[in-house]
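What's in structure19.cif: mmCIF, C-alpha atoms and all ligand atoms
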```
data_my_file
#
loop_
_atom_site.group_PDB
_atom_site.id
_atom_site.type_symbol
_atom_site.label_atom_id
_atom_site.label_comp_id
_atom_site.auth_asym_id
_atom_site.auth_seq_id
_atom_site.Cartn_x
_atom_site.Cartn_y
_atom_site.Cartn_z
ATOM 1 C CA MET A 292 -16.072 -19.923 16.398
ATOM 2 C CA GLU A 293 -17.640 -23.305 17.053
ATOM 3 C CA GLN A 294 -18.139 -25.403 13.939
ATOM 4 C CA GLY A 295 -21.289 -24.383 12.086
ATOM 5 C CA ALA A 296 -21.658 -21.025 13.887
ATOM 6 C CA PRO A 297 -21.527 -17.904 11.668
ATOM 7 C CA THR A 298 -18.047 -16.498 11.935
ATOM 8 C CA ALA A 299 -15.986 -13.689 10.493
ATOM 9 C CA VAL A 300 -12.760 -15.475 11.380
ATOM 10 C CA GLU A 301 -11.754 -19.024 10.465
ATOM 11 C CA TYR A 302 -9.393 -20.950 12.688
ATOM 12 C CA THR A 303 -7.490 -24.052 11.625
ATOM 13 C CA VAL A 304 -4.397 -25.749 12.972
ATOM 14 C CA ARG A 305 -2.103 -27.642 10.610
ATOM 15 C CA ASP A 306 1.406 -28.903 11.402
ATOM 16 C CA ARG A 307 1.526 -26.871 14.651
ATOM 17 C CA VAL A 308 0.605 -23.673 12.786
ATOM 18 C CA ALA A 309 -2.646 -21.862 13.612
ATOM 19 C CA TRP A 310 -4.102 -20.187 10.508
ATOM 20 C CA ILE A 311 -6.363 -17.283 11.472
ATOM 21 C CA THR A 312 -8.276 -16.150 8.395
ATOM 22 C CA VAL A 313 -10.362 -12.971 8.359
ATOM 23 C CA ASN A 314 -13.431 -14.104 6.496
ATOM 24 C CA ARG A 315 -15.571 -11.225 5.193
ATOM 25 C CA PRO A 316 -14.474 -11.369 1.541
ATOM 26 C CA LYS A 317 -17.549 -9.477 0.285
ATOM 27 C CA LYS A 318 -16.425 -6.513 2.419
ATOM 28 C CA LEU A 319 -12.769 -7.130 1.508
ATOM 29 C CA ASN A 320 -12.317 -8.471 5.061
ATOM 30 C CA ALA A 321 -12.940 -5.035 6.612
ATOM 31 C CA LEU A 322 -12.652 -5.057 10.376
ATOM 32 C CA ASN A 323 -15.765 -4.360 12.379
ATOM 33 C CA ARG A 324 -15.684 -4.678 16.160
ATOM 34 C CA ALA A 325 -17.005 -8.253 16.145
ATOM 35 C CA THR A 326 -14.331 -9.371 13.671
ATOM 36 C CA VAL A 327 -11.537 -7.814 15.693
ATOM 37 C CA GLN A 328 -12.902 -9.504 18.808
ATOM 38 C CA GLU A 329 -12.869 -12.852 16.978
ATOM 39 C CA ILE A 330 -9.261 -12.313 15.874
ATOM 40 C CA THR A 331 -8.279 -11.756 19.499
ATOM 41 C CA VAL A 332 -10.161 -14.868 20.633
ATOM 42 C CA ALA A 333 -8.466 -16.916 17.894
ATOM 43 C CA ALA A 334 -5.015 -15.496 18.683
ATOM 44 C CA THR A 335 -5.450 -16.168 22.400
ATOM 45 C CA ARG A 336 -6.581 -19.699 21.653
ATOM 46 C CA ALA A 337 -3.454 -20.289 19.555
ATOM 47 C CA ILE A 338 -1.151 -18.715 22.151
ATOM 48 C CA ASP A 339 -2.664 -20.904 24.880
ATOM 49 C CA ASP A 340 -2.569 -24.132 22.852
ATOM 50 C CA PRO A 341 0.610 -26.116 23.607
ATOM 51 C CA ASP A 342 0.247 -27.861 20.232
ATOM 52 C CA VAL A 343 0.557 -24.556 18.338
ATOM 53 C CA ALA A 344 4.026 -23.096 17.665
ATOM 54 C CA VAL A 345 3.320 -20.324 15.140
ATOM 55 C CA LEU A 346 0.354 -18.103 14.219
ATOM 56 C CA VAL A 347 -0.490 -16.965 10.690
ATOM 57 C CA LEU A 348 -2.899 -14.113 9.955
ATOM 58 C CA THR A 349 -4.395 -13.929 6.474
ATOM 59 C CA GLY A 350 -7.533 -12.857 4.588
ATOM 60 C CA ALA A 351 -10.158 -14.928 2.783
ATOM 61 C CA GLY A 352 -10.544 -14.601 -0.985
ATOM 62 C CA GLU A 353 -8.194 -13.477 -3.713
ATOM 63 C CA LYS A 354 -8.473 -9.758 -3.333
ATOM 64 C CA ALA A 355 -7.814 -8.584 0.190
ATOM 65 C CA PHE A 356 -5.845 -9.264 3.312
ATOM 66 C CA VAL A 357 -7.888 -6.611 5.156
ATOM 67 C CA ALA A 358 -9.096 -3.389 3.452
ATOM 68 C CA GLY A 359 -9.221 -1.469 6.722
ATOM 69 C CA ALA A 360 -11.515 -0.832 9.615
ATOM 70 C CA ASP A 361 -15.186 -1.085 8.655
ATOM 71 C CA ILE A 362 -16.028 2.369 7.296
ATOM 72 C CA GLY A 363 -19.775 1.738 7.614
ATOM 73 C CA GLU A 364 -19.437 1.008 11.307
ATOM 74 C CA MET A 365 -17.133 3.990 11.930
ATOM 75 C CA ALA A 366 -19.346 6.455 10.026
ATOM 76 C CA ALA A 367 -21.898 6.440 12.865
ATOM 77 C CA MET A 368 -19.408 6.987 15.708
ATOM 78 C CA ASP A 369 -18.971 10.178 17.735
ATOM 79 C CA ALA A 370 -15.634 11.408 19.142
ATOM 80 C CA ARG A 371 -15.859 9.373 22.330
ATOM 81 C CA GLN A 372 -16.797 6.190 20.467
ATOM 82 C CA GLY A 373 -14.016 6.844 17.950
ATOM 83 C CA GLN A 374 -11.429 7.095 20.700
ATOM 84 C CA ASP A 375 -12.780 3.933 22.356
ATOM 85 C CA PHE A 376 -12.662 2.121 19.017
ATOM 86 C CA GLY A 377 -9.051 3.220 18.498
ATOM 87 C CA ARG A 378 -8.032 1.977 21.948
ATOM 88 C CA PHE A 379 -9.915 -1.270 21.301
ATOM 89 C CA LEU A 380 -8.071 -1.814 17.999
ATOM 90 C CA GLN A 381 -4.718 -0.940 19.546
ATOM 91 C CA SER A 382 -5.126 -3.295 22.502
ATOM 92 C CA SER A 383 -6.431 -6.080 20.244
ATOM 93 C CA PHE A 384 -3.447 -5.757 17.892
ATOM 94 C CA ASP A 385 -1.096 -5.638 20.891
ATOM 95 C CA VAL A 386 -2.151 -9.228 21.667
ATOM 96 C CA LEU A 387 -0.543 -10.258 18.363
ATOM 97 C CA GLU A 388 2.570 -8.154 18.770
ATOM 98 C CA ARG A 389 3.074 -9.381 22.347
ATOM 99 C CA SER A 390 2.445 -13.022 21.434
ATOM 100 C CA PRO A 391 5.279 -15.205 22.756
ATOM 101 C CA LYS A 392 4.813 -17.337 19.621
ATOM 102 C CA PRO A 393 5.833 -15.871 16.254
ATOM 103 C CA VAL A 394 3.004 -14.304 14.252
ATOM 104 C CA ILE A 395 3.294 -14.122 10.448
ATOM 105 C CA ALA A 396 1.052 -11.936 8.283
ATOM 106 C CA ALA A 397 0.385 -13.678 4.960
ATOM 107 C CA VAL A 398 -0.662 -10.623 2.967
ATOM 108 C CA ASN A 399 -2.782 -11.838 0.072
ATOM 109 C CA GLY A 400 -4.115 -8.554 -1.378
ATOM 110 C CA PHE A 401 -5.159 -5.121 -0.097
ATOM 111 C CA ALA A 402 -3.674 -4.272 3.308
ATOM 112 C CA LEU A 403 -5.069 -0.795 3.823
ATOM 113 C CA GLY A 404 -5.658 1.340 6.894
ATOM 114 C CA GLY A 405 -6.421 -1.032 9.764
ATOM 115 C CA GLY A 406 -5.321 -3.901 7.477
ATOM 116 C CA CYS A 407 -1.836 -2.454 7.065
ATOM 117 C CA GLU A 408 -1.856 -1.802 10.819
ATOM 118 C CA LEU A 409 -2.881 -5.401 11.509
ATOM 119 C CA ALA A 410 -0.029 -6.664 9.316
ATOM 120 C CA MET A 411 2.414 -4.350 11.116
ATOM 121 C CA ALA A 412 1.384 -5.808 14.485
ATOM 122 C CA CYS A 413 2.586 -9.223 13.252
ATOM 123 C CA HIS A 414 6.253 -10.147 13.727
ATOM 124 C CA ILE A 415 6.955 -11.073 10.094
ATOM 125 C CA ARG A 416 5.147 -9.981 6.907
ATOM 126 C CA ILE A 417 5.213 -12.152 3.786
ATOM 127 C CA ALA A 418 3.322 -10.657 0.851
ATOM 128 C CA GLY A 419 1.968 -12.065 -2.370
ATOM 129 C CA GLU A 420 3.145 -10.010 -5.343
ATOM 130 C CA ASN A 421 -0.463 -8.783 -5.776
ATOM 131 C CA ALA A 422 -0.544 -7.212 -2.287
ATOM 132 C CA ARG A 423 -1.090 -3.463 -1.926
ATOM 133 C CA PHE A 424 -0.307 -1.453 1.180
ATOM 134 C CA GLY A 425 -1.413 1.962 2.352
ATOM 135 C CA GLN A 426 -2.767 4.209 5.079
ATOM 136 C CA PRO A 427 -5.569 6.003 3.204
ATOM 137 C CA GLU A 428 -7.340 7.371 6.307
ATOM 138 C CA VAL A 429 -6.762 11.078 5.572
ATOM 139 C CA GLY A 430 -8.989 10.654 2.521
ATOM 140 C CA LEU A 431 -11.801 9.759 4.933
ATOM 141 C CA GLY A 432 -11.121 12.666 7.295
ATOM 142 C CA LEU A 433 -9.378 10.284 9.682
ATOM 143 C CA ILE A 434 -5.860 9.368 10.720
ATOM 144 C CA PRO A 435 -4.505 5.840 11.245
ATOM 145 C CA GLY A 436 -5.926 4.785 14.595
ATOM 146 C CA ALA A 437 -4.809 1.203 15.150
ATOM 147 C CA GLY A 438 -1.137 1.905 15.807
ATOM 148 C CA GLY A 439 -0.239 2.996 12.269
ATOM 149 C CA THR A 440 1.228 6.397 13.104
ATOM 150 C CA GLN A 441 3.684 4.670 15.445
ATOM 151 C CA ARG A 442 4.429 1.225 13.998
ATOM 152 C CA LEU A 443 4.886 2.480 10.431
ATOM 153 C CA GLN A 444 7.610 4.974 11.391
ATOM 154 C CA ARG A 445 9.348 2.349 13.500
ATOM 155 C CA LEU A 446 9.396 -0.026 10.524
ATOM 156 C CA VAL A 447 10.216 2.269 7.609
ATOM 157 C CA GLY A 448 11.519 5.485 9.199
ATOM 158 C CA ARG A 449 9.706 8.741 9.896
ATOM 159 C CA GLY A 450 10.146 10.328 6.465
ATOM 160 C CA LYS A 451 8.590 7.507 4.473
ATOM 161 C CA ALA A 452 5.903 6.901 7.122
ATOM 162 C CA MET A 453 4.934 10.573 7.055
ATOM 163 C CA GLU A 454 4.704 10.508 3.264
ATOM 164 C CA LEU A 455 2.507 7.394 3.210
ATOM 165 C CA ILE A 456 0.217 8.725 5.946
ATOM 166 C CA LEU A 457 -0.125 12.241 4.485
ATOM 167 C CA THR A 458 -0.629 11.178 0.870
ATOM 168 C CA GLY A 459 -2.723 8.088 1.574
ATOM 169 C CA ASP A 460 -1.028 6.558 -1.490
ATOM 170 C CA MET A 461 -1.138 2.829 -2.075
ATOM 171 C CA ILE A 462 2.160 1.075 -2.727
ATOM 172 C CA SER A 463 2.954 -2.253 -4.380
ATOM 173 C CA ALA A 464 4.327 -5.291 -2.594
ATOM 174 C CA ASP A 465 7.719 -4.672 -4.220
ATOM 175 C CA GLU A 466 7.808 -1.079 -2.979
ATOM 176 C CA ALA A 467 6.706 -2.242 0.483
ATOM 177 C CA HIS A 468 9.603 -4.703 0.408
ATOM 178 C CA ARG A 469 12.044 -2.042 -0.768
ATOM 179 C CA ILE A 470 11.201 0.274 2.151
ATOM 180 C CA GLY A 471 11.222 -2.529 4.742
ATOM 181 C CA LEU A 472 7.490 -2.764 5.342
ATOM 182 C CA VAL A 473 7.406 -6.431 4.291
ATOM 183 C CA ASN A 474 10.052 -9.091 4.807
ATOM 184 C CA ARG A 475 9.514 -11.031 1.593
ATOM 185 C CA VAL A 476 7.439 -10.967 -1.597
ATOM 186 C CA VAL A 477 6.434 -14.272 -3.201
ATOM 187 C CA PRO A 478 4.314 -15.271 -6.203
ATOM 188 C CA ALA A 479 0.649 -14.879 -5.209
ATOM 189 C CA ALA A 480 -0.162 -18.503 -6.041
ATOM 190 C CA GLU A 481 2.613 -19.714 -3.745
ATOM 191 C CA LEU A 482 1.811 -17.491 -0.769
ATOM 192 C CA ARG A 483 0.265 -20.185 1.423
ATOM 193 C CA THR A 484 2.945 -22.799 0.756
ATOM 194 C CA ARG A 485 5.771 -20.289 1.205
ATOM 195 C CA VAL A 486 4.257 -19.048 4.473
ATOM 196 C CA ALA A 487 3.732 -22.636 5.631
ATOM 197 C CA ALA A 488 7.414 -23.348 4.921
ATOM 198 C CA ALA A 489 8.504 -20.246 6.832
ATOM 199 C CA ALA A 490 6.232 -21.223 9.728
ATOM 200 C CA ALA A 491 7.644 -24.779 9.747
ATOM 201 C CA GLY A 492 11.140 -23.326 10.042
ATOM 202 C CA LEU A 493 10.098 -21.276 13.063
ATOM 203 C CA ALA A 494 8.235 -24.232 14.592
ATOM 204 C CA ALA A 495 11.496 -26.215 14.618
ATOM 205 C CA LYS A 496 13.244 -23.612 16.787
ATOM 206 C CA SER A 497 13.260 -23.427 20.594
ATOM 207 C CA PRO A 498 9.896 -22.015 21.725
ATOM 208 C CA VAL A 499 11.392 -20.442 24.857
ATOM 209 C CA ALA A 500 14.157 -18.803 22.847
ATOM 210 C CA LEU A 501 11.626 -17.483 20.328
ATOM 211 C CA ALA A 502 9.500 -16.019 23.122
ATOM 212 C CA ARG A 503 12.495 -14.321 24.737
ATOM 213 C CA ALA A 504 13.752 -13.019 21.410
ATOM 214 C CA ILE A 505 10.334 -11.467 20.699
ATOM 215 C CA ASP A 506 10.295 -9.944 24.176
ATOM 216 C CA ALA A 507 13.825 -8.539 23.800
ATOM 217 C CA VAL A 508 13.062 -6.967 20.416
ATOM 218 C CA MET A 509 9.590 -5.640 21.257
ATOM 219 C CA THR A 510 10.114 -4.501 24.847
ATOM 220 C CA GLY A 511 13.701 -3.425 24.285
ATOM 221 C CA GLY A 512 12.727 -1.436 21.206
ATOM 222 C CA ASP A 513 10.659 0.909 23.355
ATOM 223 C CA LEU A 514 13.411 1.473 25.971
ATOM 224 C CA GLY A 515 16.538 3.617 26.014
ATOM 225 C CA LEU A 516 19.646 1.762 24.759
ATOM 226 C CA ASP A 517 21.176 1.172 28.193
ATOM 227 C CA ASP A 518 17.978 -0.288 29.677
ATOM 228 C CA ALA A 519 17.383 -2.292 26.495
ATOM 229 C CA MET A 520 20.871 -3.831 26.723
ATOM 230 C CA ARG A 521 20.257 -4.769 30.364
ATOM 231 C CA LEU A 522 16.969 -6.384 29.378
ATOM 232 C CA GLU A 523 18.714 -8.310 26.587
ATOM 233 C CA ALA A 524 21.373 -9.574 29.005
ATOM 234 C CA ALA A 525 18.719 -10.643 31.520
ATOM 235 C CA LEU A 526 16.734 -12.550 28.884
ATOM 236 C CA PHE A 527 19.937 -14.013 27.402
ATOM 237 C CA GLY A 528 20.900 -15.187 30.891
ATOM 238 C CA LEU A 529 17.508 -16.789 31.494
ATOM 239 C CA CYS A 530 18.023 -18.954 28.403
ATOM 240 C CA PHE A 531 20.943 -20.661 30.151
ATOM 241 C CA ALA A 532 18.519 -22.108 32.708
ATOM 242 C CA THR A 533 16.433 -23.901 30.048
ATOM 243 C CA SER A 534 16.471 -27.476 28.777
ATOM 244 C CA ASP A 535 16.180 -26.030 25.283
ATOM 245 C CA MET A 536 19.561 -24.307 25.627
ATOM 246 C CA LYS A 537 21.187 -27.538 26.845
ATOM 247 C CA GLU A 538 19.555 -29.431 23.982
ATOM 248 C CA GLY A 539 20.402 -26.842 21.316
ATOM 249 C CA THR A 540 24.067 -26.582 22.267
ATOM 250 C CA SER A 541 24.452 -30.367 22.768
ATOM 251 C CA ALA A 542 22.810 -31.089 19.416
ATOM 252 C CA PHE A 543 25.204 -28.695 17.693
ATOM 253 C CA LEU A 544 28.250 -30.276 19.330
ATOM 254 C CA GLU A 545 26.969 -33.804 18.610
ATOM 255 C CA LYS A 546 26.197 -32.834 14.983
ATOM 256 C CA ARG A 547 22.503 -33.772 15.183
ATOM 257 C CA LYS A 548 19.181 -31.945 14.920
ATOM 258 C CA PRO A 549 17.867 -30.540 18.215
ATOM 259 C CA GLU A 550 14.589 -31.771 19.700
ATOM 260 C CA PHE A 551 13.286 -28.881 21.738
ATOM 261 C CA SER A 552 10.861 -29.470 24.594
ATOM 262 C CA GLY A 553 9.994 -25.809 25.084
ATOM 263 C CA THR A 554 11.194 -25.824 28.682
HETATM 264 N N1 LIG W 601 -14.990 -0.817 5.217
HETATM 265 C C1 LIG W 601 -16.203 -1.241 4.834
HETATM 266 N N2 LIG W 601 -16.454 -1.782 3.618
HETATM 267 C C2 LIG W 601 -15.419 -1.885 2.766
HETATM 268 C C3 LIG W 601 -14.116 -1.466 3.087
HETATM 269 C C4 LIG W 601 -13.916 -0.913 4.387
HETATM 270 N N3 LIG W 601 -12.704 -0.517 4.819
HETATM 271 N N4 LIG W 601 -13.307 -1.692 2.030
HETATM 272 C C5 LIG W 601 -14.080 -2.247 1.071
HETATM 273 N N5 LIG W 601 -15.364 -2.372 1.506
HETATM 274 C C6 LIG W 601 -16.500 -2.919 0.792
HETATM 275 C C7 LIG W 601 -17.022 -1.961 -0.253
HETATM 276 O O1 LIG W 601 -17.877 -0.989 0.336
HETATM 277 C C8 LIG W 601 -17.771 -2.908 -1.156
HETATM 278 O O2 LIG W 601 -18.991 -3.266 -0.534
HETATM 279 P P1 LIG W 601 -20.364 -3.309 -1.403
HETATM 280 O O3 LIG W 601 -20.103 -4.362 -2.450
HETATM 281 O O4 LIG W 601 -21.394 -3.696 -0.404
HETATM 282 O O5 LIG W 601 -20.519 -1.948 -1.987
HETATM 283 C C9 LIG W 601 -16.892 -4.158 -1.129
HETATM 284 O O6 LIG W 601 -16.098 -4.052 0.060
HETATM 285 C C10 LIG W 601 -15.957 -4.248 -2.318
HETATM 286 O O7 LIG W 601 -15.202 -3.048 -2.380
HETATM 287 P P2 LIG W 601 -15.082 -2.144 -3.683
HETATM 288 O O8 LIG W 601 -16.290 -2.319 -4.547
HETATM 289 O O9 LIG W 601 -14.740 -0.756 -3.253
HETATM 290 O O10 LIG W 601 -13.842 -2.838 -4.400
HETATM 291 P P3 LIG W 601 -12.801 -2.149 -5.402
HETATM 292 O O11 LIG W 601 -12.005 -3.276 -5.984
HETATM 293 O O12 LIG W 601 -13.497 -1.236 -6.350
HETATM 294 O O13 LIG W 601 -11.847 -1.249 -4.489
HETATM 295 C C11 LIG W 601 -10.493 -0.811 -2.547
HETATM 296 C C12 LIG W 601 -11.013 -1.867 -3.552
HETATM 297 C C13 LIG W 601 -9.556 0.175 -3.278
HETATM 298 C C14 LIG W 601 -9.727 -1.542 -1.466
HETATM 299 C C15 LIG W 601 -11.691 -0.025 -1.960
HETATM 300 O O14 LIG W 601 -12.655 -0.953 -1.488
HETATM 301 C C16 LIG W 601 -11.340 0.884 -0.816
HETATM 302 O O15 LIG W 601 -10.791 1.966 -1.037
HETATM 303 N N6 LIG W 601 -11.660 0.477 0.414
HETATM 304 C C17 LIG W 601 -11.475 1.298 1.607
HETATM 305 C C18 LIG W 601 -9.995 1.336 2.008
HETATM 306 C C19 LIG W 601 -9.817 2.266 3.184
HETATM 307 O O16 LIG W 601 -10.045 3.459 3.120
HETATM 308 N N7 LIG W 601 -9.364 1.711 4.305
HETATM 309 C C20 LIG W 601 -9.131 2.451 5.524
HETATM 310 C C21 LIG W 601 -10.313 2.400 6.424
HETATM 311 S S1 LIG W 601 -10.176 3.498 7.789
HETATM 312 C C22 LIG W 601 -9.224 2.668 8.928
HETATM 313 O O17 LIG W 601 -8.794 1.571 8.699
HETATM 314 C C23 LIG W 601 -8.998 3.386 10.218
HETATM 315 C C24 LIG W 601 -7.958 2.822 11.078
HETATM 316 O O18 LIG W 601 -6.821 3.181 11.029
HETATM 317 C C25 LIG W 601 -8.298 1.823 12.068
#
```

Produce structure tokens that represent the structure in this file.
Amino acid sequence: MEQGAPTAVEYTVRDRVAWITVNRPKKLNALNRATVQEITVAATRAIDDPDVAVLVLTGAGEKAFVAGADIGEMAAMDARQGQDFGRFLQSSFDVLERSPKPVIAAVNGFALGGGCELAMACHIRIAGENARFGQPEVGLGLIPGAGGTQRLQRLVGRGKAMELILTGDMISADEAHRIGLVNRVVPAAELRTRVAAAAAGLAAKSPVALARAIDAVMTGGDLGLDDAMRLEAALFGLCFATSDMKEGTSAFLEKRKPEFSGT
């Protein structure tokens, strides 16, 4: 991803927000192995950069966020390679979901198959009104293999997830919003500015609190209720040892804006 090198993923930082743009518009930003690897490298770079507070994932061009895993690349795989590819996609997307910094998907068009799965691995999904979502894998003789069978039912409930996965139907951004698959739908032309505004809001919050909130929701969500409550209490307690908590509570009491140090 050095300047001038051919790249399937663009990386830019603006106002403490890292924009990670999948850049294969002629293939509707379909994900081959190399592209997924570049997304992980970009995400890791953003997570490790102290000057980055929020990550945004989006797709290049007008038409697609990501139209799925690269069907041409998958067509030549055998069962063993298919399983390896699935595990590779899952672990790559886990890097986003486990990011201690918030990750927003700015969904600017088709989010199908692995593209819908990529968006679901982000913490917040903001869609342009032209976005389309779906898990069309069964039409290819496949099933969702990048976390879709699990994340979709956790987001929208088993009944709706089952219907989307079995029918392979595409749904509009408004329908995706109605069922809870996306957080917000905005005019397509305003997607970048609206996402930038949402990211700026997150960037003003306490980074340590954001990281612990993500951990509590993600890790706790996979535990039984009792263990999840204990985890929440432990993470809540840890916040009391931070400068950010002292600053946030003092700023409230002194009626001023907090200046968080992230410690
Ligand atoms: N893989 C590889 N190439 C793809 C692609 C994909 N997932 N999606 C689109 N493309 C390519 C097309 O082959 C075409 O390339 P050429 O110009 O070289 O022929 C180019 O992108 C433009 O696509 P279309 O001409 O098809 O554009 P359209 O506007 O007519 O249709 C579309 C758009 C409905 C999104 C259609 O491209 C489509 O159905 N794409 C495939 C969607 C899909 O099935 N995704 C799931 C993949 S499987 C998966 O993701 C598994 C998993 O869970 C990990």

Nearby residues, ligand LIG 601 (chain W), 7 Å, only C-alpha atoms and all ligand atoms, as an NGL selection string
:A and (317-319 or 321 or 358-363 or 377 or 380 or 401 or 403-406 or 426-428 or 431 or 433-437 or 439)

Restricting it to C-alpha atoms, dump the selection as a CSV table (one decimal), in the coordinates of the input.
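New file again-v1.csv:
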```
chain,number,residue,atom,x,y,z
A,317,LYS,CA,-17.5,-9.5,0.3
A,318,LYS,CA,-16.4,-6.5,2.4
A,319,LEU,CA,-12.8,-7.1,1.5
A,321,ALA,CA,-12.9,-5.0,6.6
A,358,ALA,CA,-9.1,-3.4,3.5
A,359,GLY,CA,-9.2,-1.5,6.7
A,360,ALA,CA,-11.5,-0.8,9.6
A,361,ASP,CA,-15.2,-1.1,8.7
A,362,ILE,CA,-16.0,2.4,7.3
A,363,GLY,CA,-19.8,1.7,7.6
A,377,GLY,CA,-9.1,3.2,18.5
A,380,LEU,CA,-8.1,-1.8,18.0
A,401,PHE,CA,-5.2,-5.1,-0.1
A,403,LEU,CA,-5.1,-0.8,3.8
A,404,GLY,CA,-5.7,1.3,6.9
A,405,GLY,CA,-6.4,-1.0,9.8
A,406,GLY,CA,-5.3,-3.9,7.5
A,426,GLN,CA,-2.8,4.2,5.1
A,427,PRO,CA,-5.6,6.0,3.2
A,428,GLU,CA,-7.3,7.4,6.3
A,431,LEU,CA,-11.8,9.8,4.9
A,433,LEU,CA,-9.4,10.3,9.7
A,434,ILE,CA,-5.9,9.4,10.7
A,435,PRO,CA,-4.5,5.8,11.2
A,436,GLY,CA,-5.9,4.8,14.6
A,437,ALA,CA,-4.8,1.2,15.2
A,439,GLY,CA,-0.2,3.0,12.3
```

Going by the chain IDs and residue numbers used in this file, which residues fall under the PyMOL selection byres (((chain A and resi 309) around 12) and not hetatm)? Write them as an MDAnalysis selection string.
chainID A and resid 301:308 310:312 330 333:349 392:396 486:487 490:491 494

Taking all atoms listed in the file into account, name the residue in A:Ser463, A:Asn421, A:Asn399, A:Thr331 that is nearest to Ser382 in chain A.
A:Thr331

Return the single residue from A:Gly400, A:Leu409, A:Ala500, A:Glu420 that is closest to Gly528 in chain A, with distances computed using only C-alpha atoms.
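Using only C-alpha atoms, the shortest distance to Gly528 in chain A belongs to A:Ala500.
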
Could you state which residues are captured by the PyMOL selection byres (((chain A and resi 455) around 12) and not hetatm) in this file, as a CSV table (one decimal) with C-alpha atoms, in the frame of the given file?
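Below is the file that was written, expr-v9.csv:
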```
chain,number,residue,atom,x,y,z
A,403,LEU,CA,-5.1,-0.8,3.8
A,404,GLY,CA,-5.7,1.3,6.9
A,407,CYS,CA,-1.8,-2.5,7.1
A,424,PHE,CA,-0.3,-1.5,1.2
A,425,GLY,CA,-1.4,2.0,2.4
A,426,GLN,CA,-2.8,4.2,5.1
A,427,PRO,CA,-5.6,6.0,3.2
A,428,GLU,CA,-7.3,7.4,6.3
A,429,VAL,CA,-6.8,11.1,5.6
A,430,GLY,CA,-9.0,10.7,2.5
A,434,ILE,CA,-5.9,9.4,10.7
A,435,PRO,CA,-4.5,5.8,11.2
A,439,GLY,CA,-0.2,3.0,12.3
A,440,THR,CA,1.2,6.4,13.1
A,443,LEU,CA,4.9,2.5,10.4
A,444,GLN,CA,7.6,5.0,11.4
A,447,VAL,CA,10.2,2.3,7.6
A,448,GLY,CA,11.5,5.5,9.2
A,449,ARG,CA,9.7,8.7,9.9
A,450,GLY,CA,10.1,10.3,6.5
A,451,LYS,CA,8.6,7.5,4.5
A,452,ALA,CA,5.9,6.9,7.1
A,453,MET,CA,4.9,10.6,7.1
A,454,GLU,CA,4.7,10.5,3.3
A,456,ILE,CA,0.2,8.7,5.9
A,457,LEU,CA,-0.1,12.2,4.5
A,458,THR,CA,-0.6,11.2,0.9
A,459,GLY,CA,-2.7,8.1,1.6
A,460,ASP,CA,-1.0,6.6,-1.5
A,461,MET,CA,-1.1,2.8,-2.1
A,462,ILE,CA,2.2,1.1,-2.7
A,466,GLU,CA,7.8,-1.1,-3.0
A,467,ALA,CA,6.7,-2.2,0.5
A,470,ILE,CA,11.2,0.3,2.2
A,472,LEU,CA,7.5,-2.8,5.3
```

Please, what distance in Å, to one decimal, runs between CA of Asp375 in chain A and CA of Gln441 in chain A?
17.9 Å
